[in-house]
Each structure stands twice: as structure tokens, then as C-alpha cells.
file run_16.cif (mmCIF, C-alpha atoms)
data_entry
loop_
_atom_site.label_atom_id
_atom_site.label_comp_id
_atom_site.auth_asym_id
_atom_site.auth_seq_id
_atom_site.Cartn_x
_atom_site.Cartn_y
_atom_site.Cartn_z
CA MET A 1 -113.69 -9.10 -103.25
CA THR A 2 -111.99 -10.16 -106.46
CA SER A 3 -113.87 -11.02 -109.61
CA GLU A 4 -112.79 -14.65 -109.09
CA GLY A 5 -114.26 -14.59 -105.58
CA ARG A 6 -117.49 -13.08 -106.88
CA ALA A 7 -117.68 -15.75 -109.58
CA ALA A 8 -117.14 -18.51 -107.00
CA ARG A 9 -119.82 -17.03 -104.77
CA GLY A 10 -122.16 -16.79 -107.78
CA ARG A 11 -121.59 -20.50 -108.55
CA ARG A 12 -122.23 -21.41 -104.89
CA ASN A 13 -125.43 -19.37 -104.90
CA LEU A 14 -126.56 -20.94 -108.18
CA GLY A 15 -125.94 -24.41 -106.71
CA LEU A 16 -127.92 -23.48 -103.61
CA PHE A 17 -130.74 -22.10 -105.73
CA LEU A 18 -130.84 -25.29 -107.84
CA ARG A 19 -130.97 -27.54 -104.74
CA PHE A 20 -133.58 -25.21 -103.24
CA GLY A 21 -135.54 -25.59 -106.49
CA ILE A 22 -135.37 -29.39 -106.40
CA VAL A 23 -136.60 -29.38 -102.81
CA GLY A 24 -139.24 -26.88 -103.88
CA VAL A 25 -140.48 -29.14 -106.68
CA SER A 26 -140.89 -31.97 -104.19
CA GLY A 27 -142.61 -29.50 -101.86
CA VAL A 28 -145.00 -28.50 -104.64
CA ALA A 29 -145.95 -32.16 -105.02
CA VAL A 30 -146.50 -32.46 -101.24
CA ASN A 31 -148.43 -29.18 -101.19
CA LEU A 32 -150.70 -30.15 -104.07
CA ALA A 33 -151.26 -33.70 -102.79
CA THR A 34 -152.28 -32.25 -99.43
CA LEU A 35 -154.49 -29.65 -101.12
CA VAL A 36 -156.24 -32.30 -103.23
CA LEU A 37 -156.79 -34.45 -100.15
CA VAL A 38 -158.27 -31.69 -97.98
CA ASN A 39 -160.30 -30.38 -100.92
CA ARG A 40 -161.83 -33.84 -101.45
CA VAL A 41 -162.68 -34.45 -97.80
CA GLY A 42 -163.54 -30.84 -96.90
CA ALA A 43 -166.36 -28.45 -97.63
CA ASP A 44 -166.95 -26.61 -100.90
CA PRO A 45 -163.79 -24.46 -101.22
CA ASP A 46 -165.77 -21.36 -102.23
CA LEU A 47 -168.00 -21.37 -99.13
CA ALA A 48 -167.32 -18.74 -96.50
CA VAL A 49 -165.92 -19.93 -93.17
CA VAL A 50 -166.00 -16.62 -91.32
CA GLY A 51 -166.49 -12.98 -92.24
CA LEU A 52 -163.69 -10.49 -91.80
CA PRO A 53 -164.89 -7.78 -89.41
CA LEU A 54 -165.49 -4.32 -90.88
CA THR A 55 -165.13 -5.60 -94.46
CA ASP A 56 -167.21 -7.28 -97.12
CA PHE A 57 -164.65 -10.10 -97.32
CA ASN A 58 -164.69 -13.63 -95.92
CA VAL A 59 -162.20 -16.32 -95.11
CA ARG A 60 -163.21 -19.15 -97.43
CA TRP A 61 -162.50 -22.84 -97.26
CA TYR A 62 -159.89 -22.52 -100.02
CA HIS A 63 -157.91 -20.24 -97.67
CA VAL A 64 -158.05 -22.95 -95.00
CA PHE A 65 -157.12 -25.70 -97.47
CA SER A 66 -154.23 -23.66 -98.84
CA THR A 67 -152.94 -22.99 -95.32
CA ILE A 68 -153.09 -26.68 -94.35
CA ALA A 69 -151.21 -27.58 -97.55
CA PHE A 70 -148.67 -24.85 -96.80
CA LEU A 71 -148.02 -26.13 -93.26
CA VAL A 72 -147.44 -29.72 -94.43
CA ALA A 73 -145.19 -28.65 -97.32
CA ASN A 74 -143.37 -26.16 -95.09
CA LEU A 75 -142.27 -28.93 -92.72
CA TRP A 76 -141.26 -31.11 -95.68
CA ASN A 77 -139.27 -28.33 -97.33
CA PHE A 78 -137.63 -27.24 -94.10
CA GLN A 79 -136.25 -30.65 -93.30
CA LEU A 80 -134.91 -31.19 -96.84
CA ASN A 81 -133.44 -27.69 -97.04
CA ARG A 82 -131.87 -28.05 -93.62
CA SER A 83 -130.22 -31.37 -94.34
CA TRP A 84 -129.41 -31.03 -98.05
CA THR A 85 -129.64 -27.52 -99.53
CA PHE A 86 -128.06 -25.43 -96.79
CA ARG A 87 -126.53 -28.35 -94.82
CA SER A 88 -127.15 -26.59 -91.56
CA SER A 89 -128.34 -29.49 -89.40
CA GLY A 90 -125.03 -29.63 -87.51
CA HIS A 91 -124.99 -25.91 -86.82
CA ALA A 92 -128.12 -25.25 -84.78
CA ARG A 93 -130.99 -26.96 -83.02
CA TRP A 94 -133.95 -27.92 -85.17
CA PHE A 95 -136.33 -25.38 -83.54
CA ALA A 96 -133.74 -22.60 -83.81
CA GLU A 97 -133.89 -22.92 -87.59
CA TYR A 98 -137.50 -23.97 -88.00
CA TRP A 99 -139.10 -20.88 -86.44
CA PRO A 100 -137.40 -18.41 -88.83
CA PHE A 101 -138.25 -20.78 -91.73
CA LEU A 102 -141.88 -20.90 -90.59
CA VAL A 103 -141.99 -17.09 -90.25
CA VAL A 104 -140.57 -16.66 -93.78
CA GLY A 105 -143.05 -19.24 -95.07
CA ALA A 106 -145.93 -17.59 -93.21
CA LEU A 107 -145.07 -14.23 -94.79
CA GLY A 108 -145.10 -15.93 -98.18
CA GLN A 109 -148.37 -17.69 -97.31
CA LEU A 110 -150.01 -14.38 -96.37
CA LEU A 111 -148.95 -12.85 -99.68
CA GLY A 112 -150.02 -16.06 -101.39
CA LEU A 113 -153.46 -15.95 -99.80
CA LEU A 114 -153.94 -12.43 -101.10
CA LEU A 115 -152.94 -13.54 -104.59
CA LEU A 116 -155.06 -16.71 -104.31
CA THR A 117 -158.04 -14.55 -103.35
CA ALA A 118 -157.47 -12.39 -106.41
CA LEU A 119 -157.22 -15.49 -108.60
CA MET A 120 -160.33 -17.15 -107.14
CA HIS A 121 -162.65 -14.14 -106.72
CA PRO A 122 -164.89 -13.83 -109.79
CA GLY A 123 -164.91 -10.02 -109.59
CA SER A 124 -161.13 -9.68 -109.56
CA ALA A 125 -159.12 -8.48 -112.55
CA LEU A 126 -156.81 -11.46 -111.93
CA ALA A 127 -159.61 -14.04 -111.64
CA LEU A 128 -158.89 -17.35 -113.30
CA PRO A 129 -161.32 -18.02 -116.16
CA THR A 130 -164.25 -20.17 -115.09
CA ASP A 131 -165.12 -21.21 -118.64
CA VAL A 132 -161.85 -23.16 -118.96
CA LEU A 133 -161.26 -23.87 -115.27
CA ASP A 134 -164.78 -25.01 -114.46
CA ASP A 135 -163.79 -27.40 -111.62
CA SER A 136 -165.12 -30.37 -113.62
CA THR A 137 -161.87 -32.36 -113.32
CA GLY A 138 -158.62 -32.12 -111.37
CA PHE A 139 -156.82 -30.41 -114.24
CA ARG A 140 -159.66 -27.92 -114.60
CA THR A 141 -159.81 -26.96 -110.92
CA ARG A 142 -159.22 -23.26 -110.31
CA LEU A 143 -157.96 -23.85 -106.78
CA TYR A 144 -155.15 -26.14 -107.96
CA TRP A 145 -154.02 -23.74 -110.69
CA GLY A 146 -154.29 -20.81 -108.30
CA GLN A 147 -152.14 -22.63 -105.76
CA LEU A 148 -149.51 -23.38 -108.44
CA ILE A 149 -149.40 -19.73 -109.49
CA VAL A 150 -149.01 -18.65 -105.87
CA ILE A 151 -146.11 -21.07 -105.36
CA VAL A 152 -144.31 -19.80 -108.49
CA VAL A 153 -144.70 -16.17 -107.40
CA VAL A 154 -143.68 -16.68 -103.76
CA THR A 155 -140.70 -19.06 -104.26
CA PRO A 156 -138.00 -16.50 -105.22
CA LEU A 157 -138.81 -14.34 -102.20
CA SER A 158 -138.76 -17.40 -99.96
CA PHE A 159 -135.34 -18.48 -101.28
CA VAL A 160 -133.73 -15.10 -100.67
CA LEU A 161 -135.18 -14.65 -97.18
CA ASN A 162 -134.30 -18.20 -96.12
CA LYS A 163 -130.75 -17.92 -97.43
CA ILE A 164 -130.15 -14.54 -95.81
CA TRP A 165 -131.92 -15.12 -92.52
CA THR A 166 -133.03 -18.65 -91.67
CA PHE A 167 -130.03 -20.74 -92.62
CA ALA A 168 -127.19 -18.18 -92.64
CA SER A 169 -127.95 -16.44 -89.38
CA VAL A 170 -127.95 -19.56 -87.24
CA ARG A 171 -124.51 -20.63 -88.47
CA GLY A 172 -122.77 -17.38 -87.61
CA PRO A 173 -119.22 -17.69 -86.37
CA ARG A 174 -119.82 -21.23 -84.99
CA SER A 175 -119.77 -22.74 -88.46
CA GLY A 176 -116.08 -22.10 -89.00
CA ALA A 177 -116.85 -20.71 -92.45
CA PRO A 178 -115.19 -17.44 -93.38
CA PRO A 179 -117.64 -14.52 -93.22
CA SER A 180 -117.42 -14.10 -97.02
CA GLN A 181 -119.12 -17.48 -97.41
CA LEU A 182 -121.99 -16.47 -95.17
CA VAL A 183 -122.80 -13.26 -97.00
CA PRO A 184 -125.47 -13.63 -99.67
#

call {"tool": "encode", "arguments": {"input": "run_16.cif", "output": "C-alpha cells"}}
result
Amino acid sequence: MTSEGRAARGRRNLGLFLRFGIVGVSGVAVNLATLVLVNRVGADPDLAVVGLPLTDFNVRWYHVFSTIAFLVANLWNFQLNRSWTFRSSGHARWFAEYWPFLVVGALGQLLGLLLLTALMHPGSALALPTDVLDDSTGFRTRLYWGQLIVIVVVTPLSFVLNKIWTFASVRGPRSGAPPSQLVP
């Protein structure tokens, strides 16, 4: 590939990343709005829901709240990425693209739950400070800041995996695009 071709591909990828970021910002708003809602109507986020067998760890309500927020935002982001970022809605059935997107998101959510646990657990080296984030107001709620940190950490991985697998793989030769445009 020529240097001009590489530069054009770099500009295309930057444009995709920027659109992905705009969709992501809207998804962050959906995620956090959902998280605030379930946090307000649900149980104390620090309470244990169920113990993990053979460990001293528990699934806590904040894990459940984070997962609900993820699922709502995942659907939101998928539809916007499908129709606007990757413009793949004419290339494959909705479910054919959604399941890989959900799998990529679920991998990110699992990593995010591990990070969220480290941020929320008082004995963790990564624990958010409870003197500043004392849960007295929305802006001082550890769960909300933890969720934001998780989103920032997981987003680059999500972009790369969705570009390479979810939206590129379903287009394949049917899209009419030269193979060089489908390669990340």
C-alpha cells in the first residue's frame, strides 16, 4: 500500500473513531441516566446480592446496576453505530450484527466489572476515596465516578474490536468495497 493509501485509510479510521466517540458520548449519557435511575429505585448498591462460590467475594447491587445500564446503553450504541458510524445497516440483518456487538460489549462489561469492583472495594489499592466521594450527592457518588472510569478504560478496546469484527466482518465481499477498505 502506498503512503497516500495509508494516509487515506488513517483519515477514514480517524473519522470512524470520531463518530464512534460521538455515539459513545451519547451512550455514556444513556448509561449514566440508566444507572442513576436503577440506583435510586434499587437496593443499597454496596449490599451483597449473592456470594461467589469458593471465594470471599460477592456480586453486589452495583454490579447488577452497572450491567443493566450497560445493556440499555449497548442497544443504544449499537443502533447508532450501525446506522451512522459504520453505515452497515444495508449490509446484514440486525441480529447478525447485534450479537457480535453484544459479545464485544459483554467482554468489555466483564473487564469493567472487575475494574468497578477494584474502584468500589474499600480494601483495594484502586479504591475511590470515600472522604471526597461520600455518596452525599450525585456528584459525590462513587458508583457514578467508577462507572465513568470504567467507560473511559473500556472504550478504546470496544472500538477496535467492533471495527475489526462486528461491523467489518458482516460486510465481507457483499459490500462491494475493495478489501483494502475493509482492513483495519

call {"tool": "resolve_selection", "arguments": {"input": "run_16.cif", "expression": "the PyMOL selection byres ((chain A and resi 31) around 9)", "output": "JSON, numbers by chain"}}
result
{"A": [26, 27, 28, 29, 30, 32, 33, 34, 35, 36, 66, 68, 69, 70, 71, 72, 73, 74, 147]}

call {"tool": "closest_residue", "arguments": {"input": "run_16.cif", "among": "A:Gly90, A:Pro100, A:Val132, A:Gly146", "to": "Trp165 in chain A", "atoms": "all atoms listed in the file"}}
result
A:Pro100

call {"tool": "resolve_selection", "arguments": {"input": "run_16.cif", "expression": "the PyMOL selection byres ((chain A and resi 39-49) around 7)", "output": "ChimeraX atom specification"}}
result
/A:35-38,50,58-62,65

call {"tool": "closest_atom_pairs", "arguments": {"input": "run_16.cif", "of": "range 12-124 of chain A", "to": "range 155-162 of chain A", "cutoff": "10 Å", "atoms": "all atoms listed in the file", "output": "Markdown table"}}
result
| residue | atom | partner | partner_atom | distance |
| --- | --- | --- | --- | --- |
| A:Leu16 | CA | A:Phe159 | CA | 9.2 |
| A:Phe17 | CA | A:Phe159 | CA | 7.4 |
| A:Phe20 | CA | A:Phe159 | CA | 7.2 |
| A:Gly21 | CA | A:Thr155 | CA | 8.6 |
| A:Gly24 | CA | A:Thr155 | CA | 8.0 |
| A:Phe78 | CA | A:Asn162 | CA | 9.8 |
| A:Asn81 | CA | A:Asn162 | CA | 9.6 |
| A:Phe86 | CA | A:Asn162 | CA | 9.6 |
| A:Glu97 | CA | A:Asn162 | CA | 9.8 |
| A:Pro100 | CA | A:Asn162 | CA | 7.9 |
| A:Phe101 | CA | A:Asn162 | CA | 6.4 |
| A:Leu102 | CA | A:Asn162 | CA | 9.8 |
| A:Val103 | CA | A:Asn162 | CA | 9.7 |
| A:Val104 | CA | A:Ser158 | CA | 6.5 |
| A:Gly105 | CA | A:Ser158 | CA | 6.8 |
| A:Ala106 | CA | A:Ser158 | CA | 9.8 |
| A:Leu107 | CA | A:Ser158 | CA | 8.8 |
| A:Gly108 | CA | A:Ser158 | CA | 6.7 |
| A:Gln109 | CA | A:Ser158 | CA | 10.0 |

call {"tool": "closest_residue", "arguments": {"input": "run_16.cif", "among": "A:Asn13, A:Leu113, A:Gly138, A:Thr166", "to": "His91 in chain A", "atoms": "only C-alpha atoms"}}
result
A:Thr166

call {"tool": "atom_distance", "arguments": {"input": "run_16.cif", "atom1": "CA of Thr141 in chain A", "atom2": "CA of Leu126 in chain A"}}
result
15.8 Å

call {"tool": "atom_distance", "arguments": {"input": "run_16.cif", "atom1": "CA of Gly112 in chain A", "atom2": "CA of His63 in chain A"}}
result
9.7 Å

call {"tool": "closest_residue", "arguments": {"input": "run_16.cif", "among": "A:Tyr98, A:Phe57, A:Trp76, A:Phe139", "to": "Ala118 in chain A", "atoms": "only C-alpha atoms"}}
result
A:Phe57

call {"tool": "atom_distance", "arguments": {"input": "run_16.cif", "atom1": "CA of Leu110 in chain A", "atom2": "CA of Val23 in chain A"}}
result
21.1 Å
